[in-house]
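**Student:** This structure is in structure tokens; I'll ask about it shortly.
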There are 2 protein chains.
Amino acid sequence: MPTYTAPVKDIQFVLHDLLKIRESGIPGYDELDPEFTSAILEEAGKITSELLAPLNQVGDREGCTLENGVVHVPTGFKEAFDEVRAGGWTGLDCDPEYGGQGMPQVLGTAVGEMFSAANQSFTMYQGLTHGAYSAIHAHGTDEQKRTYLPKMVDCTWTGTMNLTEPHCGTDLGLMRTRAEPQNDGSYRITGTKIFISAGEHELSENIIHLVLAKIPGGPEGIKGVSLFIVPKYLVNEDGSLGERNGVTVGNIEEKMGIHGNSTCVMNYDGAVGYLLGEKHKGMRAMFTMMNEARIGVGMQGLAQAEAAYQNAVAYARERLQGRAVTGPANPDGPADPLIVHPDIRRALMDQKSFTEGARAFLFWGSMLIDRHLRQGDEAAHGLISLMTPVIKGFLTDKGFESTVQAQQIYGGHGYIEETGMSQFVRDARIAMIYEGANGIQALDLVGRKLGLDGGKHAMAFFEMVKGFIKENSDNEALKGDFLDPLKQASKDLQAAAMFFMAEGMKNPNAALSGSYDFMHLFGHVCLGLMWSQMARAAMEALEGGASDKAFYQAKIQTGRYYMARQLPATAMHLARIQSGADPVMALDEEQF
Amino acid sequence: MPTYTAPVKDIQFVLHDLLKIRESGIPGYDELDPEFTSAILEEAGKITSELLAPLNQVGDREGCTLENGVVHVPTGFKEAFDEVRAGGWTGLDCDPEYGGQGMPQVLGTAVGEMFSAANQSFTMYQGLTHGAYSAIHAHGTDEQKRTYLPKMVDCTWTGTMNLTEPHCGTDLGLMRTRAEPQNDGSYRITGTKIFISAGEHELSENIIHLVLAKIPGGPEGIKGVSLFIVPKYLVNEDGSLGERNGVTVGNIEEKMGIHGNSTCVMNYDGAVGYLLGEKHKGMRAMFTMMNEARIGVGMQGLAQAEAAYQNAVAYARERLQGRAVTGPANPDGPADPLIVHPDIRRALMDQKSFTEGARAFLFWGSMLIDRHLRQGDEAAHGLISLMTPVIKGFLTDKGFESTVQAQQIYGGHGYIEETGMSQFVRDARIAMIYEGANGIQALDLVGRKLGLDGGKHAMAFFEMVKGFIKENSDNEALKGDFLDPLKQASKDLQAAAMFFMAEGMKNPNAALSGSYDFMHLFGHVCLGLMWSQMARAAMEALEGGASDKAFYQAKIQTGRYYMARQLPATAMHLARIQSGADPVMALDEEQF
């Protein structure tokens, strides 16, 4: 059975050596000293490795079952959910006014990574609740907040998001679910939603569905969509549960992975719903959830990669097969462990350099959110808006690839379900699809975010990279291995952006044909920047006489690997982008 | 439910326009005129799309079950197997002396691709039989050939290959299964083999296991391994079936995919076995099977990619979502089909340019085998030996990626098992692992094949590329789009080989750290060459007044796409390779 150990030391490195969170001046960060964060992370690590990880394979095997309208979750999920709730983990970064612990997002992300790595299907129940919580917190009336948030913070009630319909996923303007206004100010919701994660289950006393629907007579298409709160059980004035609402689960899907999470077809049959936010402005409210969810999905890419990597390393250390080409490393044994072989190392270094770089990127992104939410820093908001599609698209694509590499290290044993390596791959696969398939992320990045506010945020990022390189130009230890490749990669990224500007004017297909490559190019530059910064932080720690030399040296070496072996991808992406629309669009539809 | 249509026209293009098989002078090719091959391919196409493809999802859902030592295959497999046998498909390229149809390998490969695309799990039963047939054909005594081959040609009896044991896969020198010599010249085989595809089932009257084992007292390690024929039922002198032999199925594995094929743990308990080939030379005999199997596995990569691509195209044509950025393409409908969107096109073009290039590469490889087997051409043998790991490793890695891209086009629907897109991904995944995991292919390529016979075969390939470029240097239509990128990619490949020569002498890890990238670099150059040749062939056809202009123009455009958007990968692989062993080997084992 696969195991998971929370990478507390690596997380602490990012929080304190790299991001230096305590010195950031962000309100609420002052209490995040290394002892405090370590205590939280160790405790979360215990729960994730001892309680949640052992249920991961159980969830995959048993899946969810639907019987007479009731969804049964896998064995042990209910007990574990109660334990997680009791520990206060579901409300870690929620508003204290509604019972949350008020921790910054950056800490919520660190703990979230662990939960997700240990058991993605399980963690989705609380993750979706958090998204719904955020939407109500941002757009709800005071009464709505008072009614729902305290119960959602501790997951007494859980939440869902309902966007997709059978005939429309990306293109929500085609939506058919309708909301008929009632005299009492409520609405009656009718329609069918599909792919509703955690749509029905018995983990919580109530389920608060956030549902997109159209109010008849409103504007056509996406501009006529509104968001509604539709509880499974209606809530009485005193907060107690009332009648069952007209929402039922029609089916649960058989999926490639995340079997432990119930993916439901939800039928709304005149269900009572309450408008959340403004009429016809549903997409705006939904995007509060969506942006959070997209970053959370990027986190899943990293998390599955980390969990799979840990098991691949363990297997590479213990499995004896062949001899090192430079002479036996284990002369008294029948063979050497896999880890001596260069190609196994290559695969492990790919994974390690990705997960550690991705973690830095993700946590830095969370810190930007905190800067915005806690300091009103609009530049930080602009930057994280730009980065959201990169975090979602790049981390999930690479996270999936990383799980495939981890599975590959197991050879034939990786293909057998028993070892659990297949589950990492199957679970990681969904992250490339949901919350906007990665092609949509690329479109969002190139078609919307890149030019947002006159391209200000992209320029800010380029300046940040340039500033870092300049600031460290005297640092000989950083120069050749880090700064030079970072500079080149950043030049490639800017050249790609220039190409879009120049060509996109003439032919929008020229920009969109390169959008996917641009997302990956951007991701590599971000991880290149993170690794350059981490290398500097590790060098500083070593100069400062850090006791665990091997740990910091490993950071520098892993960074060198990323710069030498991953950053060359930027030139390839640029070449693809610069080939323009012609090769992509040349065929007639019939020629495929 | 996914469908499959045999790409007869594309196959005919490769056979006749590209490879010009009839003019090749290879014995047996003279009867392969376009009408003849078309008739065979159409007939095979019918069986694969109407009989085998509809059983693909059935196989995935039902899987195989073990009950009291009997393995049940999925519903419909037995009937379909009998129909395939009755049609003579299992012996298409087998020796007429034993009842085969004596067709060249190149035609066997063309039909094999279709079978594999329609139903990989099903086709493995006959595929493994073919491998065992080849090993007995090459290494068996006359009596062994007379006894086994006629029954194996028509799959009255099927075959298996038994290499892996629980503690050893790649490193077969660690093998524990032993073969005790008996007075009558036979052996008694005892041990446990795992991951035995088609190890037990009721599709055939007998199963002929080829088993690697050690004869006590023989040389240590891999040099003491011999190959044995171990029938499930002993065969009487008159050819009738006798007693059940001491071989039983211990378990069948739960796997990520290929559920329709029984992957067995086989227990040999003093089973009667007959030496095949020479004592202690088992690996040599096994490699007859293995080389054939590796090319067959490369074919699976292509085949799954083709099947997945076809369904992705169909979905992209019918699913309405969003509007083309250049204005509505389907103004009367609620939205435009997915296929109008540049990023969807990019993904489809990636798939299309891969599968068509891979097909040319694979069929060209099969032609090399025919040149060797039918003409005794040793240069062709050297070239296909060099290419075997590239075909296996590159086509299965890229084939898998291609199925993931096809699944992605379906969005959330691709993650639902019902659409069948997940199955393509899960089935394609095994091809990267079995018959030597792809890391082993890369090791074989760089550590063995590249320098084989003084590097003669690699030189011959480089010369071939150079010759093609030179021969067409006046062809303006080919130059910029094809010859220039091909030249650059080939230079990158040679630079990588030079790096290995120069650095590998000093440090073998320097070569092995780059082996995986080299395999991919090599694959891209091969497909680049194939596309250049196909473009020329298509241009010639157009100049010759071919009636189906759109078809040939699509070939040229798809080739342009591959050259413009895939070949830039060679520079990335070269940069990675040239970074050498240091980044890969820098960490101590404990630092992972």
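Note on naming: chains are A, B, ... as they come in the structure tokens, residues start from 1 per chain, ligands start from 1 in the order shown.
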Taking a cut-off of 6 Å and counting only C-alpha atoms, can you build a table that, for each residue of chain B near chain A, reports the nearest atom pair and how far apart they are in Å (one decimal), sorted by chain then residue number, as JSON lines?
**Tutor:**
```
{"residue": "B:Asp171", "atom": "CA", "partner": "A:Gln321", "partner_atom": "CA", "distance": 5.4}
{"residue": "B:Glu254", "atom": "CA", "partner": "A:Glu417", "partner_atom": "CA", "distance": 5.8}
{"residue": "B:Lys255", "atom": "CA", "partner": "A:Ile416", "partner_atom": "CA", "distance": 4.4}
{"residue": "B:Met256", "atom": "CA", "partner": "A:Tyr415", "partner_atom": "CA", "distance": 5.6}
{"residue": "B:Gln321", "atom": "CA", "partner": "A:Asp171", "partner_atom": "CA", "distance": 5.4}
{"residue": "B:Gly322", "atom": "CA", "partner": "A:Asp171", "partner_atom": "CA", "distance": 5.4}
{"residue": "B:Pro342", "atom": "CA", "partner": "A:Ser513", "partner_atom": "CA", "distance": 5.0}
{"residue": "B:Asp343", "atom": "CA", "partner": "A:Ser513", "partner_atom": "CA", "distance": 5.7}
{"residue": "B:Arg346", "atom": "CA", "partner": "A:Val584", "partner_atom": "CA", "distance": 5.5}
{"residue": "B:Gly411", "atom": "CA", "partner": "A:Ile433", "partner_atom": "CA", "distance": 5.8}
{"residue": "B:Tyr415", "atom": "CA", "partner": "A:Met256", "partner_atom": "CA", "distance": 5.6}
{"residue": "B:Ile416", "atom": "CA", "partner": "A:Lys255", "partner_atom": "CA", "distance": 4.4}
{"residue": "B:Glu417", "atom": "CA", "partner": "A:Lys255", "partner_atom": "CA", "distance": 5.3}
{"residue": "B:Ile433", "atom": "CA", "partner": "A:Gly411", "partner_atom": "CA", "distance": 5.8}
{"residue": "B:Leu512", "atom": "CA", "partner": "A:Pro342", "partner_atom": "CA", "distance": 5.8}
{"residue": "B:Ser513", "atom": "CA", "partner": "A:Pro342", "partner_atom": "CA", "distance": 5.0}
{"residue": "B:Tyr561", "atom": "CA", "partner": "A:Pro583", "partner_atom": "CA", "distance": 4.8}
{"residue": "B:Arg565", "atom": "CA", "partner": "A:Arg576", "partner_atom": "CA", "distance": 4.9}
{"residue": "B:Pro568", "atom": "CA", "partner": "A:Met572", "partner_atom": "CA", "distance": 5.3}
{"residue": "B:Ala569", "atom": "CA", "partner": "A:Met572", "partner_atom": "CA", "distance": 5.7}
{"residue": "B:Met572", "atom": "CA", "partner": "A:Pro568", "partner_atom": "CA", "distance": 5.3}
{"residue": "B:Arg576", "atom": "CA", "partner": "A:Arg565", "partner_atom": "CA", "distance": 4.9}
{"residue": "B:Pro583", "atom": "CA", "partner": "A:Tyr561", "partner_atom": "CA", "distance": 4.8}
{"residue": "B:Val584", "atom": "CA", "partner": "A:Arg346", "partner_atom": "CA", "distance": 5.5}
```
**Student:** Using DSSP secondary structure from the backbone, list all strand (DSSP E or B) positions within segment 105-290 of chain B, as JSON, numbers by chain.
**Tutor:** {"B": [157, 158, 159, 160, 161, 162, 165, 168, 178, 179, 180, 181, 187, 188, 189, 190, 191, 192, 193, 194, 195, 196, 197, 206, 207, 208, 209, 210, 211, 212, 213, 214, 225, 226, 227, 228, 229, 230, 231, 233, 234, 235, 241, 242, 243, 244, 247, 248, 249, 250, 251, 252, 255, 263, 264, 265, 266, 267, 268, 269, 270, 271, 272, 273, 274, 275]}
**Student:** Do a neighbour search on Thr147 of chain B at 12 Å with only C-alpha atoms, toss out local chain neighbours closer than 6 positions, and write the hits as a PDB file with all heavy atoms, in the first residue's frame.
**Tutor:**
```pdb
ATOM      1  N   TYR B  98       3.637 -24.425 -42.348  1.00  0.00           N
ATOM      2  CA  TYR B  98       2.878 -24.803 -41.158  1.00  0.00           C
ATOM      3  C   TYR B  98       1.452 -24.238 -41.211  1.00  0.00           C
ATOM      4  O   TYR B  98       0.804 -24.042 -40.183  1.00  0.00           O
ATOM      5  CB  TYR B  98       3.605 -24.322 -39.903  1.00  0.00           C
ATOM      6  CG  TYR B  98       5.014 -24.864 -39.849  1.00  0.00           C
ATOM      7  CD1 TYR B  98       6.109 -24.058 -40.144  1.00  0.00           C
ATOM      8  CD2 TYR B  98       5.239 -26.218 -39.562  1.00  0.00           C
ATOM      9  CE1 TYR B  98       7.392 -24.572 -40.130  1.00  0.00           C
ATOM     10  CE2 TYR B  98       6.523 -26.738 -39.544  1.00  0.00           C
ATOM     11  CZ  TYR B  98       7.598 -25.916 -39.844  1.00  0.00           C
ATOM     12  OH  TYR B  98       8.867 -26.445 -39.848  1.00  0.00           O
ATOM     13  N   TYR B 133       5.226 -18.531 -31.601  1.00  0.00           N
ATOM     14  CA  TYR B 133       5.406 -19.178 -32.910  1.00  0.00           C
ATOM     15  C   TYR B 133       6.771 -18.830 -33.494  1.00  0.00           C
ATOM     16  O   TYR B 133       7.513 -19.694 -33.954  1.00  0.00           O
ATOM     17  CB  TYR B 133       4.268 -18.741 -33.852  1.00  0.00           C
ATOM     18  CG  TYR B 133       4.614 -18.817 -35.321  1.00  0.00           C
ATOM     19  CD1 TYR B 133       4.385 -19.983 -36.056  1.00  0.00           C
ATOM     20  CD2 TYR B 133       5.197 -17.730 -35.976  1.00  0.00           C
ATOM     21  CE1 TYR B 133       4.726 -20.048 -37.407  1.00  0.00           C
ATOM     22  CE2 TYR B 133       5.539 -17.791 -37.322  1.00  0.00           C
ATOM     23  CZ  TYR B 133       5.302 -18.954 -38.026  1.00  0.00           C
ATOM     24  OH  TYR B 133       5.653 -19.029 -39.352  1.00  0.00           O
ATOM     25  N   ILE B 136       9.710 -20.541 -31.675  1.00  0.00           N
ATOM     26  CA  ILE B 136       9.810 -21.976 -32.000  1.00  0.00           C
ATOM     27  C   ILE B 136      10.248 -22.135 -33.459  1.00  0.00           C
ATOM     28  O   ILE B 136      11.077 -22.988 -33.784  1.00  0.00           O
ATOM     29  CB  ILE B 136       8.460 -22.689 -31.744  1.00  0.00           C
ATOM     30  CG1 ILE B 136       8.111 -22.642 -30.251  1.00  0.00           C
ATOM     31  CG2 ILE B 136       8.505 -24.140 -32.230  1.00  0.00           C
ATOM     32  CD1 ILE B 136       6.723 -23.176 -29.885  1.00  0.00           C
ATOM     33  N   HIS B 137       9.722 -21.300 -34.314  1.00  0.00           N
ATOM     34  CA  HIS B 137      10.089 -21.347 -35.731  1.00  0.00           C
ATOM     35  C   HIS B 137      11.593 -21.108 -35.911  1.00  0.00           C
ATOM     36  O   HIS B 137      12.260 -21.765 -36.717  1.00  0.00           O
ATOM     37  CB  HIS B 137       9.287 -20.302 -36.503  1.00  0.00           C
ATOM     38  CG  HIS B 137       9.342 -20.471 -37.988  1.00  0.00           C
ATOM     39  ND1 HIS B 137      10.250 -19.814 -38.794  1.00  0.00           N
ATOM     40  CD2 HIS B 137       8.606 -21.233 -38.836  1.00  0.00           C
ATOM     41  CE1 HIS B 137      10.072 -20.154 -40.051  1.00  0.00           C
ATOM     42  NE2 HIS B 137       9.071 -21.014 -40.117  1.00  0.00           N
ATOM     43  N   GLY B 140      13.385 -23.949 -32.765  1.00  0.00           N
ATOM     44  CA  GLY B 140      12.905 -25.297 -32.459  1.00  0.00           C
ATOM     45  C   GLY B 140      13.533 -26.378 -33.325  1.00  0.00           C
ATOM     46  O   GLY B 140      14.046 -26.099 -34.416  1.00  0.00           O
ATOM     47  N   THR B 141      13.479 -27.601 -32.829  1.00  0.00           N
ATOM     48  CA  THR B 141      13.871 -28.744 -33.652  1.00  0.00           C
ATOM     49  C   THR B 141      12.763 -28.990 -34.676  1.00  0.00           C
ATOM     50  O   THR B 141      11.646 -28.469 -34.536  1.00  0.00           O
ATOM     51  CB  THR B 141      13.992 -30.000 -32.785  1.00  0.00           C
ATOM     52  OG1 THR B 141      12.697 -30.284 -32.227  1.00  0.00           O
ATOM     53  CG2 THR B 141      14.996 -29.811 -31.647  1.00  0.00           C
ATOM     54  N   VAL B 153      -0.316 -21.562 -35.566  1.00  0.00           N
ATOM     55  CA  VAL B 153      -0.587 -20.670 -36.689  1.00  0.00           C
ATOM     56  C   VAL B 153      -2.073 -20.295 -36.733  1.00  0.00           C
ATOM     57  O   VAL B 153      -2.425 -19.138 -36.962  1.00  0.00           O
ATOM     58  CB  VAL B 153      -0.135 -21.320 -38.014  1.00  0.00           C
ATOM     59  CG1 VAL B 153      -0.750 -20.621 -39.216  1.00  0.00           C
ATOM     60  CG2 VAL B 153       1.393 -21.290 -38.110  1.00  0.00           C
ATOM     61  N   TRP B 157      -4.036 -23.679 -30.659  1.00  0.00           N
ATOM     62  CA  TRP B 157      -3.265 -23.522 -29.418  1.00  0.00           C
ATOM     63  C   TRP B 157      -2.704 -22.114 -29.391  1.00  0.00           C
ATOM     64  O   TRP B 157      -2.249 -21.601 -30.416  1.00  0.00           O
ATOM     65  CB  TRP B 157      -2.083 -24.510 -29.361  1.00  0.00           C
ATOM     66  CG  TRP B 157      -2.478 -25.957 -29.419  1.00  0.00           C
ATOM     67  CD1 TRP B 157      -3.729 -26.484 -29.338  1.00  0.00           C
ATOM     68  CD2 TRP B 157      -1.595 -27.066 -29.590  1.00  0.00           C
ATOM     69  NE1 TRP B 157      -3.698 -27.856 -29.444  1.00  0.00           N
ATOM     70  CE2 TRP B 157      -2.391 -28.239 -29.598  1.00  0.00           C
ATOM     71  CE3 TRP B 157      -0.201 -27.192 -29.732  1.00  0.00           C
ATOM     72  CZ2 TRP B 157      -1.853 -29.518 -29.740  1.00  0.00           C
ATOM     73  CZ3 TRP B 157       0.339 -28.472 -29.874  1.00  0.00           C
ATOM     74  CH2 TRP B 157      -0.483 -29.625 -29.876  1.00  0.00           C
ATOM     75  N   ILE B 208       0.699 -22.964 -25.036  1.00  0.00           N
ATOM     76  CA  ILE B 208       2.113 -23.323 -25.096  1.00  0.00           C
ATOM     77  C   ILE B 208       2.916 -22.214 -24.431  1.00  0.00           C
ATOM     78  O   ILE B 208       3.118 -21.138 -25.006  1.00  0.00           O
ATOM     79  CB  ILE B 208       2.572 -23.506 -26.571  1.00  0.00           C
ATOM     80  CG1 ILE B 208       1.599 -24.415 -27.341  1.00  0.00           C
ATOM     81  CG2 ILE B 208       3.999 -24.028 -26.624  1.00  0.00           C
ATOM     82  CD1 ILE B 208       1.368 -25.785 -26.699  1.00  0.00           C
ATOM     83  N   ILE B 229       9.806 -25.078 -23.628  1.00  0.00           N
ATOM     84  CA  ILE B 229       8.416 -25.173 -24.068  1.00  0.00           C
ATOM     85  C   ILE B 229       7.670 -25.949 -22.996  1.00  0.00           C
ATOM     86  O   ILE B 229       8.041 -27.093 -22.692  1.00  0.00           O
ATOM     87  CB  ILE B 229       8.318 -25.946 -25.403  1.00  0.00           C
ATOM     88  CG1 ILE B 229       9.067 -25.194 -26.519  1.00  0.00           C
ATOM     89  CG2 ILE B 229       6.855 -26.169 -25.789  1.00  0.00           C
ATOM     90  CD1 ILE B 229       9.122 -25.969 -27.843  1.00  0.00           C
ATOM     91  N   PRO B 231       3.855 -27.008 -22.346  1.00  0.00           N
ATOM     92  CA  PRO B 231       2.444 -26.953 -22.743  1.00  0.00           C
ATOM     93  C   PRO B 231       1.518 -27.127 -21.530  1.00  0.00           C
ATOM     94  O   PRO B 231       1.865 -27.835 -20.588  1.00  0.00           O
ATOM     95  CB  PRO B 231       2.279 -28.152 -23.682  1.00  0.00           C
ATOM     96  CG  PRO B 231       3.585 -28.884 -23.667  1.00  0.00           C
ATOM     97  CD  PRO B 231       4.504 -28.270 -22.675  1.00  0.00           C
ATOM     98  N   LEU B 234       0.019 -31.821 -22.001  1.00  0.00           N
ATOM     99  CA  LEU B 234       1.085 -32.523 -22.708  1.00  0.00           C
ATOM    100  C   LEU B 234       0.524 -33.025 -24.037  1.00  0.00           C
ATOM    101  O   LEU B 234      -0.680 -33.292 -24.164  1.00  0.00           O
ATOM    102  CB  LEU B 234       1.590 -33.683 -21.850  1.00  0.00           C
ATOM    103  CG  LEU B 234       2.276 -33.210 -20.547  1.00  0.00           C
ATOM    104  CD1 LEU B 234       2.614 -34.415 -19.661  1.00  0.00           C
ATOM    105  CD2 LEU B 234       3.528 -32.395 -20.847  1.00  0.00           C
ATOM    106  N   VAL B 235       1.418 -33.115 -25.019  1.00  0.00           N
ATOM    107  CA  VAL B 235       0.987 -33.504 -26.363  1.00  0.00           C
ATOM    108  C   VAL B 235       1.434 -34.939 -26.636  1.00  0.00           C
ATOM    109  O   VAL B 235       2.610 -35.270 -26.471  1.00  0.00           O
ATOM    110  CB  VAL B 235       1.587 -32.541 -27.407  1.00  0.00           C
ATOM    111  CG1 VAL B 235       1.116 -32.914 -28.807  1.00  0.00           C
ATOM    112  CG2 VAL B 235       1.220 -31.097 -27.077  1.00  0.00           C
ATOM    113  N   ASN B 236       0.494 -35.795 -26.973  1.00  0.00           N
ATOM    114  CA  ASN B 236       0.824 -37.194 -27.298  1.00  0.00           C
ATOM    115  C   ASN B 236       1.563 -37.281 -28.619  1.00  0.00           C
ATOM    116  O   ASN B 236       1.574 -36.327 -29.405  1.00  0.00           O
ATOM    117  CB  ASN B 236      -0.459 -38.037 -27.368  1.00  0.00           C
ATOM    118  CG  ASN B 236      -1.176 -38.070 -26.020  1.00  0.00           C
ATOM    119  OD1 ASN B 236      -0.530 -38.113 -24.971  1.00  0.00           O
ATOM    120  ND2 ASN B 236      -2.508 -38.012 -26.061  1.00  0.00           N
ATOM    121  N   GLU B 237       2.148 -38.454 -28.860  1.00  0.00           N
ATOM    122  CA  GLU B 237       2.935 -38.627 -30.094  1.00  0.00           C
ATOM    123  C   GLU B 237       2.105 -38.366 -31.349  1.00  0.00           C
ATOM    124  O   GLU B 237       2.608 -37.868 -32.350  1.00  0.00           O
ATOM    125  CB  GLU B 237       3.529 -40.041 -30.146  1.00  0.00           C
ATOM    126  CG  GLU B 237       4.544 -40.258 -29.035  1.00  0.00           C
ATOM    127  CD  GLU B 237       5.814 -40.892 -29.558  1.00  0.00           C
ATOM    128  OE1 GLU B 237       5.773 -41.463 -30.673  1.00  0.00           O
ATOM    129  OE2 GLU B 237       6.837 -40.814 -28.857  1.00  0.00           O
ATOM    130  N   ASP B 238       0.831 -38.702 -31.266  1.00  0.00           N
ATOM    131  CA  ASP B 238      -0.022 -38.511 -32.445  1.00  0.00           C
ATOM    132  C   ASP B 238      -0.573 -37.077 -32.540  1.00  0.00           C
ATOM    133  O   ASP B 238      -1.399 -36.774 -33.392  1.00  0.00           O
ATOM    134  CB  ASP B 238      -1.190 -39.516 -32.426  1.00  0.00           C
ATOM    135  CG  ASP B 238      -2.123 -39.259 -31.241  1.00  0.00           C
ATOM    136  OD1 ASP B 238      -1.814 -38.359 -30.395  1.00  0.00           O
ATOM    137  OD2 ASP B 238      -3.150 -39.956 -31.135  1.00  0.00           O
ATOM    138  N   GLY B 239      -0.098 -36.221 -31.643  1.00  0.00           N
ATOM    139  CA  GLY B 239      -0.535 -34.830 -31.715  1.00  0.00           C
ATOM    140  C   GLY B 239      -1.770 -34.532 -30.890  1.00  0.00           C
ATOM    141  O   GLY B 239      -2.161 -33.374 -30.736  1.00  0.00           O
ATOM    142  N   SER B 240      -2.409 -35.569 -30.371  1.00  0.00           N
ATOM    143  CA  SER B 240      -3.590 -35.327 -29.535  1.00  0.00           C
ATOM    144  C   SER B 240      -3.143 -34.852 -28.146  1.00  0.00           C
ATOM    145  O   SER B 240      -1.975 -34.967 -27.779  1.00  0.00           O
ATOM    146  CB  SER B 240      -4.410 -36.612 -29.412  1.00  0.00           C
ATOM    147  OG  SER B 240      -3.640 -37.590 -28.734  1.00  0.00           O
ATOM    148  N   LEU B 241      -4.104 -34.294 -27.416  1.00  0.00           N
ATOM    149  CA  LEU B 241      -3.757 -33.766 -26.102  1.00  0.00           C
ATOM    150  C   LEU B 241      -3.761 -34.864 -25.051  1.00  0.00           C
ATOM    151  O   LEU B 241      -4.655 -35.709 -25.029  1.00  0.00           O
ATOM    152  CB  LEU B 241      -4.729 -32.666 -25.703  1.00  0.00           C
ATOM    153  CG  LEU B 241      -4.701 -31.425 -26.598  1.00  0.00           C
ATOM    154  CD1 LEU B 241      -5.624 -30.348 -26.041  1.00  0.00           C
ATOM    155  CD2 LEU B 241      -3.285 -30.890 -26.752  1.00  0.00           C
TER     156      LEU B 241
END
```
**Student:** Considering only C-alpha atoms, state which residue in the set A:Asn311, A:Thr355, A:Thr190, A:Gln57 is at the smallest distance from Ile11 of chain A.
**Tutor:** A:Thr355
**Student:** List as a list in words the protein and nucleic acid residues near Phe122 of chain A, meaning an atom at most 9 Å away when only C-alpha atoms are counted, but skip any in the same chain fewer than 2 places from it.
**Tutor:** Leu52, Leu55, Asn56, Gly59, Phe77, Phe81, Phe115, Ser116, Ala118, Asn119, Gln120, Met124, Tyr125, Gln126, Ile258, Gly260 and Asn261 of chain A
**Student:** Store the residues picked out above, limited to N, CA and C atoms, as a tab-separated table (two decimals), in the first residue's frame.
**Tutor:**
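out_30.tsv written:
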```
chain	number	residue	atom	x	y	z
A	52	LEU	N	-5.90	9.92	6.72
A	52	LEU	CA	-6.44	10.07	5.36
A	52	LEU	C	-5.75	9.20	4.32
A	55	LEU	N	-6.94	5.71	3.84
A	55	LEU	CA	-8.28	5.57	3.25
A	55	LEU	C	-8.29	5.85	1.75
A	56	ASN	N	-7.14	6.24	1.22
A	56	ASN	CA	-7.11	6.66	-0.19
A	56	ASN	C	-7.42	5.49	-1.13
A	59	GLY	N	-11.00	4.23	-0.81
A	59	GLY	CA	-11.92	5.05	-1.60
A	59	GLY	C	-11.90	4.68	-3.07
A	77	PHE	N	-14.82	6.90	5.56
A	77	PHE	CA	-14.84	8.32	5.20
A	77	PHE	C	-15.63	9.16	6.22
A	81	PHE	N	-14.09	12.07	8.36
A	81	PHE	CA	-14.61	13.42	8.13
A	81	PHE	C	-14.96	14.08	9.47
A	115	PHE	N	-3.49	17.54	2.70
A	115	PHE	CA	-4.77	16.84	2.64
A	115	PHE	C	-5.01	16.25	1.25
A	116	SER	N	-4.73	17.08	0.27
A	116	SER	CA	-4.98	16.67	-1.10
A	116	SER	C	-4.04	15.52	-1.51
A	118	ALA	N	-2.73	13.31	0.47
A	118	ALA	CA	-3.06	12.08	1.21
A	118	ALA	C	-4.32	11.43	0.66
A	119	ASN	N	-5.26	12.24	0.21
A	119	ASN	CA	-6.54	11.66	-0.22
A	119	ASN	C	-7.35	12.73	-0.95
A	120	GLN	N	-7.16	12.78	-2.24
A	120	GLN	CA	-7.81	13.82	-3.04
A	120	GLN	C	-9.33	13.72	-3.00
A	124	MET	N	-11.86	16.65	-1.39
A	124	MET	CA	-12.76	17.43	-2.23
A	124	MET	C	-14.07	17.79	-1.51
A	125	TYR	N	-14.53	16.93	-0.60
A	125	TYR	CA	-15.79	17.24	0.10
A	125	TYR	C	-15.64	18.55	0.86
A	126	GLN	N	-14.51	18.71	1.55
A	126	GLN	CA	-14.33	19.96	2.27
A	126	GLN	C	-13.85	21.09	1.36
A	258	ILE	N	-10.71	9.42	-8.88
A	258	ILE	CA	-11.41	10.06	-7.74
A	258	ILE	C	-12.73	9.33	-7.44
A	260	GLY	N	-13.60	7.94	-4.76
A	260	GLY	CA	-14.12	8.17	-3.41
A	260	GLY	C	-15.00	9.40	-3.33
A	261	ASN	N	-14.98	10.22	-4.37
A	261	ASN	CA	-15.84	11.38	-4.37
A	261	ASN	C	-17.04	11.12	-5.28
```
**Student:** If I take atom CA of Gln441 of chain B and atom CA of Pro389 of chain B, how far is one from the other in Å, to one decimal?
**Tutor:**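 Atom CA of Pro389 of chain B lies 4.8 Å from atom CA of Gln441 of chain B.
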**Student:** Point out the residue among A:Met286, A:Asp370, A:Ala132, A:Leu478 with the least atom-to-atom distance to Gly25 of chain A, counting only C-alpha atoms.
**Tutor:** A:Asp370
